[in-house]
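Here's work.cif, which has mmCIF, C-alpha atoms and all ligand atoms:
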```cif
data_protein
loop_
_atom_site.label_atom_id
_atom_site.label_comp_id
_atom_site.auth_asym_id
_atom_site.auth_seq_id
_atom_site.Cartn_x
_atom_site.Cartn_y
_atom_site.Cartn_z
CA MET A 420 5.63 2.23 -13.24
CA LYS A 421 8.31 -0.17 -12.08
CA ILE A 422 8.33 -1.57 -8.54
CA ASP A 423 11.30 -3.46 -7.10
CA ILE A 424 10.73 -5.21 -3.78
CA LEU A 425 13.89 -6.08 -1.86
CA THR A 426 13.15 -9.10 0.30
CA LEU A 427 14.75 -12.23 1.73
CA PHE A 428 11.48 -14.08 1.13
CA PRO A 429 10.42 -13.69 -2.51
CA GLU A 430 8.33 -16.89 -2.24
CA MET A 431 5.97 -15.06 0.11
CA PHE A 432 4.80 -13.02 -2.88
CA GLU A 433 3.91 -15.99 -5.09
CA GLN A 434 0.29 -15.58 -6.16
CA VAL A 435 -0.14 -12.26 -4.37
CA PHE A 436 0.06 -10.09 -7.47
CA GLU A 437 -1.60 -12.61 -9.76
CA HIS A 438 -5.23 -11.76 -9.30
CA SER A 439 -7.82 -9.26 -10.34
CA ILE A 440 -6.80 -5.63 -10.90
CA ILE A 441 -3.10 -6.02 -10.12
CA LYS A 442 -2.81 -8.97 -12.48
CA ARG A 443 -4.48 -6.98 -15.27
CA ALA A 444 -2.28 -3.94 -14.63
CA ARG A 445 0.80 -6.15 -15.01
CA GLU A 446 -0.52 -7.81 -18.16
CA GLU A 447 -1.27 -4.39 -19.67
CA HIS A 448 2.25 -3.23 -18.74
CA LYS A 449 0.97 -0.44 -16.55
CA VAL A 450 3.22 -1.81 -13.83
CA GLU A 451 6.21 -4.13 -13.68
CA ILE A 452 6.81 -5.79 -10.31
CA ASN A 453 10.16 -7.43 -9.55
CA LEU A 454 11.12 -9.39 -6.47
CA VAL A 455 14.77 -8.89 -5.63
CA ASP A 456 16.35 -11.33 -3.19
CA PHE A 457 19.05 -9.17 -1.65
CA ARG A 458 20.79 -12.22 -0.19
CA LYS A 459 22.25 -12.59 -3.69
CA TYR A 460 24.20 -9.37 -3.09
CA SER A 461 25.88 -10.61 0.09
CA LEU A 462 29.66 -10.78 -0.23
CA ASP A 463 29.84 -13.21 2.68
CA PRO A 464 30.98 -16.71 1.61
CA HIS A 465 27.86 -18.15 3.23
CA HIS A 466 25.57 -15.38 1.91
CA LYS A 467 24.97 -14.11 5.42
CA VAL A 468 22.78 -11.01 5.56
CA ASP A 469 22.70 -10.31 9.30
CA ASP A 470 24.87 -10.23 12.39
CA THR A 471 24.74 -9.78 16.16
CA PRO A 472 23.98 -6.30 17.50
CA TYR A 473 26.79 -4.04 18.73
CA GLY A 474 26.28 -3.43 22.45
CA GLY A 475 24.71 -6.85 22.90
CA GLY A 476 21.09 -7.91 23.03
CA CYS A 477 19.10 -10.72 21.56
CA GLY A 478 18.38 -11.39 17.91
CA MET A 479 20.15 -10.55 14.71
CA VAL A 480 20.38 -7.28 12.83
CA LEU A 481 20.29 -6.94 9.03
CA SER A 482 23.71 -5.78 7.81
CA CYS A 483 24.37 -2.82 5.56
CA GLN A 484 26.45 -4.42 2.82
CA PRO A 485 23.91 -6.59 0.93
CA ILE A 486 21.21 -3.91 0.95
CA PHE A 487 23.57 -1.05 0.02
CA ASP A 488 25.04 -3.06 -2.88
CA CYS A 489 21.59 -4.10 -4.05
CA ILE A 490 20.35 -0.49 -4.04
CA ASP A 491 23.52 0.64 -5.86
CA ALA A 492 22.76 -1.94 -8.56
CA ILE A 493 19.12 -1.06 -9.20
CA LYS A 494 18.64 2.59 -8.26
CA THR A 495 18.40 5.22 -10.98
CA GLU A 496 17.68 8.97 -10.95
CA GLU A 497 13.98 8.18 -11.19
CA SER A 498 13.86 5.87 -8.18
CA LYS A 499 12.12 6.56 -4.90
CA VAL A 500 13.40 4.28 -2.13
CA ILE A 501 10.91 3.37 0.59
CA LEU A 502 11.83 1.56 3.78
CA LEU A 503 9.03 -0.41 5.48
CA THR A 504 9.37 -0.09 9.21
CA PRO A 505 6.99 0.23 12.18
CA ASP A 506 8.63 3.53 13.11
CA GLY A 507 7.99 5.12 9.73
CA VAL A 508 5.38 7.73 8.79
CA CYS A 509 1.89 6.21 9.03
CA TYR A 510 0.68 5.25 5.54
CA LYS A 511 -2.56 6.73 4.21
CA GLN A 512 -4.50 7.24 1.01
CA SER A 513 -2.97 10.63 0.17
CA ILE A 514 0.51 9.01 0.23
CA ALA A 515 -0.78 6.23 -2.06
CA TYR A 516 -1.97 8.93 -4.49
CA ASP A 517 1.38 10.71 -4.50
CA LEU A 518 3.29 7.44 -5.00
CA SER A 519 1.01 6.35 -7.88
CA TYR A 520 2.64 9.07 -10.03
CA GLU A 521 6.21 7.86 -9.44
CA ARG A 522 8.09 6.04 -12.20
CA HIS A 523 10.18 3.69 -10.06
CA LEU A 524 9.53 2.58 -6.50
CA ILE A 525 11.97 0.47 -4.51
CA PHE A 526 10.65 -1.09 -1.31
CA ILE A 527 13.08 -2.39 1.29
CA CYS A 528 11.54 -5.04 3.53
CA GLY A 529 13.24 -5.27 6.89
CA HIS A 530 13.17 -8.57 8.77
CA TYR A 531 14.36 -10.31 11.90
CA GLU A 532 14.90 -8.14 14.98
CA GLY A 533 15.78 -5.07 13.02
CA PHE A 534 18.20 -3.51 10.59
CA ASP A 535 21.40 -1.54 10.91
CA GLU A 536 20.41 2.08 11.52
CA ARG A 537 22.63 3.21 8.61
CA ILE A 538 20.24 1.51 6.17
CA ARG A 539 17.83 4.40 6.85
CA SER A 540 20.19 6.69 4.93
CA LEU A 541 19.18 4.88 1.71
CA ALA A 542 15.52 5.74 2.06
CA ASP A 543 13.69 8.72 0.60
CA LEU A 544 10.73 7.78 2.76
CA GLU A 545 10.10 5.46 5.72
CA LEU A 546 6.57 4.08 5.95
CA SER A 547 4.60 2.09 8.50
CA ILE A 548 1.22 0.55 7.68
CA GLY A 549 -0.03 0.84 11.25
CA ASP A 550 0.84 0.86 14.91
CA TYR A 551 1.64 -2.82 15.27
CA VAL A 552 4.75 -4.88 14.60
CA LEU A 553 4.83 -7.34 11.72
CA THR A 554 7.43 -10.08 11.31
CA GLY A 555 8.84 -8.10 8.39
CA GLY A 556 8.11 -5.53 5.74
CA GLU A 557 6.78 -8.11 3.25
CA TYR A 558 3.10 -7.82 4.18
CA ALA A 559 3.43 -4.06 4.38
CA SER A 560 4.89 -3.88 0.87
CA MET A 561 2.00 -6.03 -0.44
CA VAL A 562 -0.43 -3.52 1.04
CA LEU A 563 1.46 -0.64 -0.56
CA VAL A 564 1.63 -2.27 -4.00
CA ASP A 565 -2.09 -3.04 -4.00
CA SER A 566 -3.16 0.43 -2.88
CA ILE A 567 -0.76 2.25 -5.23
CA VAL A 568 -1.20 0.19 -8.40
CA ARG A 569 -4.98 0.58 -8.44
CA LEU A 570 -4.43 4.37 -8.50
CA ILE A 571 -2.02 4.39 -11.46
CA PRO A 572 -3.80 6.38 -14.15
CA GLY A 573 -5.68 4.00 -16.45
CA VAL A 574 -5.68 0.96 -14.13
CA ILE A 575 -9.25 1.47 -12.92
CA LYS A 576 -11.75 4.10 -14.00
CA GLU A 577 -11.01 7.38 -12.26
CA GLU A 578 -14.65 7.68 -11.19
CA SER A 579 -14.29 4.39 -9.29
CA HIS A 580 -11.88 5.96 -6.83
CA ARG A 581 -13.07 9.58 -6.99
CA ASN A 582 -15.77 9.01 -4.39
CA GLU A 583 -14.21 6.29 -2.27
CA SER A 584 -13.27 6.28 1.39
CA PHE A 585 -10.59 8.70 2.62
CA ASN A 586 -10.89 11.17 -0.23
CA GLU A 587 -11.49 14.54 1.45
CA ASN A 588 -11.05 12.69 4.77
CA LEU A 589 -14.49 11.12 4.36
CA LEU A 590 -15.60 7.49 4.49
CA ASP A 591 -17.52 5.97 1.60
CA TYR A 592 -21.33 6.16 1.34
CA PRO A 593 -23.32 2.88 1.58
CA ASN A 594 -23.99 0.86 -1.58
CA TYR A 595 -26.84 -1.52 -2.40
CA THR A 596 -27.66 -3.86 -5.27
CA LYS A 597 -30.62 -6.10 -6.16
CA PRO A 598 -32.91 -7.32 -4.65
CA ARG A 599 -34.72 -4.27 -3.25
CA ASN A 600 -35.83 -6.22 -0.23
CA PHE A 601 -33.55 -8.86 1.26
CA ARG A 602 -34.81 -10.67 4.37
CA GLY A 603 -36.84 -7.63 5.31
CA MET A 604 -33.99 -5.17 4.81
CA GLU A 605 -35.07 -2.48 2.34
CA VAL A 606 -32.94 -0.42 -0.02
CA PRO A 607 -33.37 3.28 0.90
CA GLU A 608 -36.23 4.76 -1.14
CA VAL A 609 -34.16 7.65 -2.49
CA LEU A 610 -31.83 5.27 -4.39
CA VAL A 611 -34.68 3.99 -6.54
CA SER A 612 -36.24 7.44 -7.04
CA GLY A 613 -34.29 8.20 -10.21
CA ASP A 614 -33.67 11.74 -8.86
CA HIS A 615 -29.91 12.15 -9.27
CA LYS A 616 -29.65 15.39 -7.31
CA LYS A 617 -31.41 13.79 -4.34
CA ILE A 618 -29.26 10.65 -4.62
CA GLU A 619 -26.09 12.74 -4.60
CA ALA A 620 -27.28 14.70 -1.56
CA TYR A 621 -28.22 11.47 0.27
CA ARG A 622 -24.81 9.93 -0.43
CA ARG A 623 -22.97 13.02 0.73
CA GLU A 624 -25.07 13.14 3.90
CA GLU A 625 -24.44 9.45 4.66
CA SER A 626 -20.75 9.86 4.03
CA LEU A 627 -20.56 12.79 6.47
CA ARG A 628 -22.68 10.98 9.08
CA LYS A 629 -20.64 7.78 8.89
CA THR A 630 -17.34 9.65 9.18
CA GLN A 631 -18.57 11.66 12.16
CA ASN A 632 -19.75 8.51 13.95
CA ARG A 633 -16.98 6.07 13.08
CA ARG A 634 -13.92 8.20 12.57
CA PRO A 635 -14.08 11.37 14.64
CA ASP A 636 -10.29 11.59 14.17
CA LEU A 637 -10.76 12.07 10.40
CA TRP A 638 -13.76 14.32 10.92
CA ASN A 639 -11.82 16.73 13.10
CA LYS A 640 -8.97 17.10 10.63
CA GLU A 641 -8.94 20.38 8.76
N1 LIG A 701 7.65 -3.96 9.51
C1 LIG A 701 7.27 -4.43 10.71
N2 LIG A 701 6.15 -3.84 11.13
C2 LIG A 701 5.79 -2.94 10.15
C3 LIG A 701 4.72 -2.02 10.01
N3 LIG A 701 3.79 -1.87 10.93
N4 LIG A 701 4.69 -1.28 8.88
C4 LIG A 701 5.65 -1.40 7.94
N5 LIG A 701 6.68 -2.25 8.03
C5 LIG A 701 6.75 -3.02 9.13
#
```
What's the structure tokens form of this structure?
Ligand code: ADE
Amino acid sequence: MKIDILTLFPEMFEQVFEHSIIKRAREEHKVEINLVDFRKYSLDPHHKVDDTPYGGGCGMVLSCQPIFDCIDAIKTEESKVILLTPDGVCYKQSIAYDLSYERHLIFICGHYEGFDERIRSLADLELSIGDYVLTGGEYASMVLVDSIVRLIPGVIKEESHRNESFNENLLDYPNYTKPRNFRGMEVPEVLVSGDHKKIEAYRREESLRKTQNRRPDLWNKE
């Protein structure tokens, strides 16, 4: 998979994709991540990328030209263009799964007070990572890259994400490791019983119980 991130702040991403699973996925060429500074596409003599809003109001609005030209330069038939914006569709695990099978993702990070509405016409999908407003789409695109890349086939063992939170709208079951007793807190007996059927049933039960208690919104989904 190839991921191009259109941003005015490529330095914000330094280090971010250089650790752990994402680093390994890049080294093994399972994903290529490019930071594209769309200011370079501005035709303005001073490389301006924004302007005042029509109709008045405070703040600056990202202009069409640099972003349209940048997309024209990098988009192919295989590309899926995603605009990060607080008024997009709310991101969730099932979207991460779908996107992990794409060949080329292009993320457009908005910034400042907003972007020219016509920029939306470039996007195949508009995504928000939650009901709060960030200073720009940069942090949102980091979240997307992390959650998508780990799902690319071959990046981590499939069994590692088969049972994890949000699959089937359920939260994850609790995990324990050694020691069996830590400061008086015991590992549930069933997990050391060696009875795999019972362990599976316990985990399922805990997963259902936790979802019902913590996320009734997920629980009530069909
Ligand atoms: N840009 C600003 N806020 C955002 C959010 N919540 N999700 C995605 N992009 C954003």
Would you name the residues within 6 Å of ligand LIG 701 (chain A), counting all atoms listed in the file, and put them as a PDB file with C-alpha atoms, in the frame of the given file?
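Wrote it out as out_4.pdb, contents follow:
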```
ATOM      1  CA  LEU A 503       9.030  -0.410   5.480  1.00  0.00           C
ATOM      2  CA  THR A 504       9.370  -0.090   9.210  1.00  0.00           C
ATOM      3  CA  PRO A 505       6.990   0.230  12.180  1.00  0.00           C
ATOM      4  CA  LEU A 546       6.570   4.080   5.950  1.00  0.00           C
ATOM      5  CA  SER A 547       4.600   2.090   8.500  1.00  0.00           C
ATOM      6  CA  ILE A 548       1.220   0.550   7.680  1.00  0.00           C
ATOM      7  CA  GLY A 549      -0.030   0.840  11.250  1.00  0.00           C
ATOM      8  CA  ASP A 550       0.840   0.860  14.910  1.00  0.00           C
ATOM      9  CA  TYR A 551       1.640  -2.820  15.270  1.00  0.00           C
ATOM     10  CA  VAL A 552       4.750  -4.880  14.600  1.00  0.00           C
ATOM     11  CA  LEU A 553       4.830  -7.340  11.720  1.00  0.00           C
ATOM     12  CA  THR A 554       7.430 -10.080  11.310  1.00  0.00           C
ATOM     13  CA  GLY A 555       8.840  -8.100   8.390  1.00  0.00           C
ATOM     14  CA  GLY A 556       8.110  -5.530   5.740  1.00  0.00           C
ATOM     15  CA  ALA A 559       3.430  -4.060   4.380  1.00  0.00           C
TER      16      ALA A 559
END
```
Worksheet entry | Residues near A:Val450, cut-off 12 Å, all atoms listed in the file, skip fewer than 5 positions along chain, as a list in words | Met420, Lys421, Ile422, Asp423, Phe436, Ile440, Ile441, Lys442, Arg443, Ala444, Arg445, Ser519, Tyr520, Glu521, Arg522, His523, Leu524, Val564, Asp565, Ile567, Val568, Arg569, Leu570, Ile571, Pro572, Gly573 and Val574 of chain A
Practice prompt. Could you give me, as number ranges by chain, the residues within 10 Å of A:Ser584, counting only C-alpha atoms and dropping anything in the same chain fewer than 5 positions from it?
Written response: A: 512, 589-592, 626, 630
Export C-alpha atoms of the chosen residues as a PDB file, in the coordinates of the input?
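To be explicit, this is the file written out as out.pdb:
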```
ATOM      1  CA  GLN A 512      -4.500   7.240   1.010  1.00  0.00           C
ATOM      2  CA  LEU A 589     -14.490  11.120   4.360  1.00  0.00           C
ATOM      3  CA  LEU A 590     -15.600   7.490   4.490  1.00  0.00           C
ATOM      4  CA  ASP A 591     -17.520   5.970   1.600  1.00  0.00           C
ATOM      5  CA  TYR A 592     -21.330   6.160   1.340  1.00  0.00           C
ATOM      6  CA  SER A 626     -20.750   9.860   4.030  1.00  0.00           C
ATOM      7  CA  THR A 630     -17.340   9.650   9.180  1.00  0.00           C
TER       8      THR A 630
END
```
Practice prompt. Provide the atom CA of A:Lys597 to atom CA of A:Ile575 distance in Å, to one decimal place.
Written response: 23.7 Å
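With all atoms listed in the file taken into account, every residue lying no more than 10 Å from the file point (8.5, -15.4, 4.4) is included here: Thr426, Leu427, Phe428, Pro429, Glu430, Met431, Phe432, His530, Thr554, Gly555, Gly556, Glu557 and Tyr558 of chain A.
Coordinates place atom CA of A:Tyr460 at a distance of 26.3 Å from atom CA of A:Gly474.
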Discussion item. What does the structure give for the distance between atom CA of A:Pro464 and atom CA of A:Gln484, in Å to one decimal?
Written reply: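 So the answer is 13.2 Å.
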Fill in: Contacts of A:Asp463 within 10 Å, only C-alpha atoms, excl. fewer than 4 positions in-chain, as a ChimeraX atom specification
/A:458-459,467-468,484-485
Discussion item. Applying 8 Å and all atoms listed in the file, which residues near stretch 606-621 of chain A remain after dropping the ones on its own chain fewer than 6 positions away? List them as a PyMOL selection string.
Written reply: chain A and resi 595+599-600
Worksheet entry | Within 12 Å of A:Ile493 using only C-alpha atoms, minus same-chain residues under 5 positions, as a ChimeraX atom specification | /A:421-425,453-455,457,460,486-488,498-500,523-526
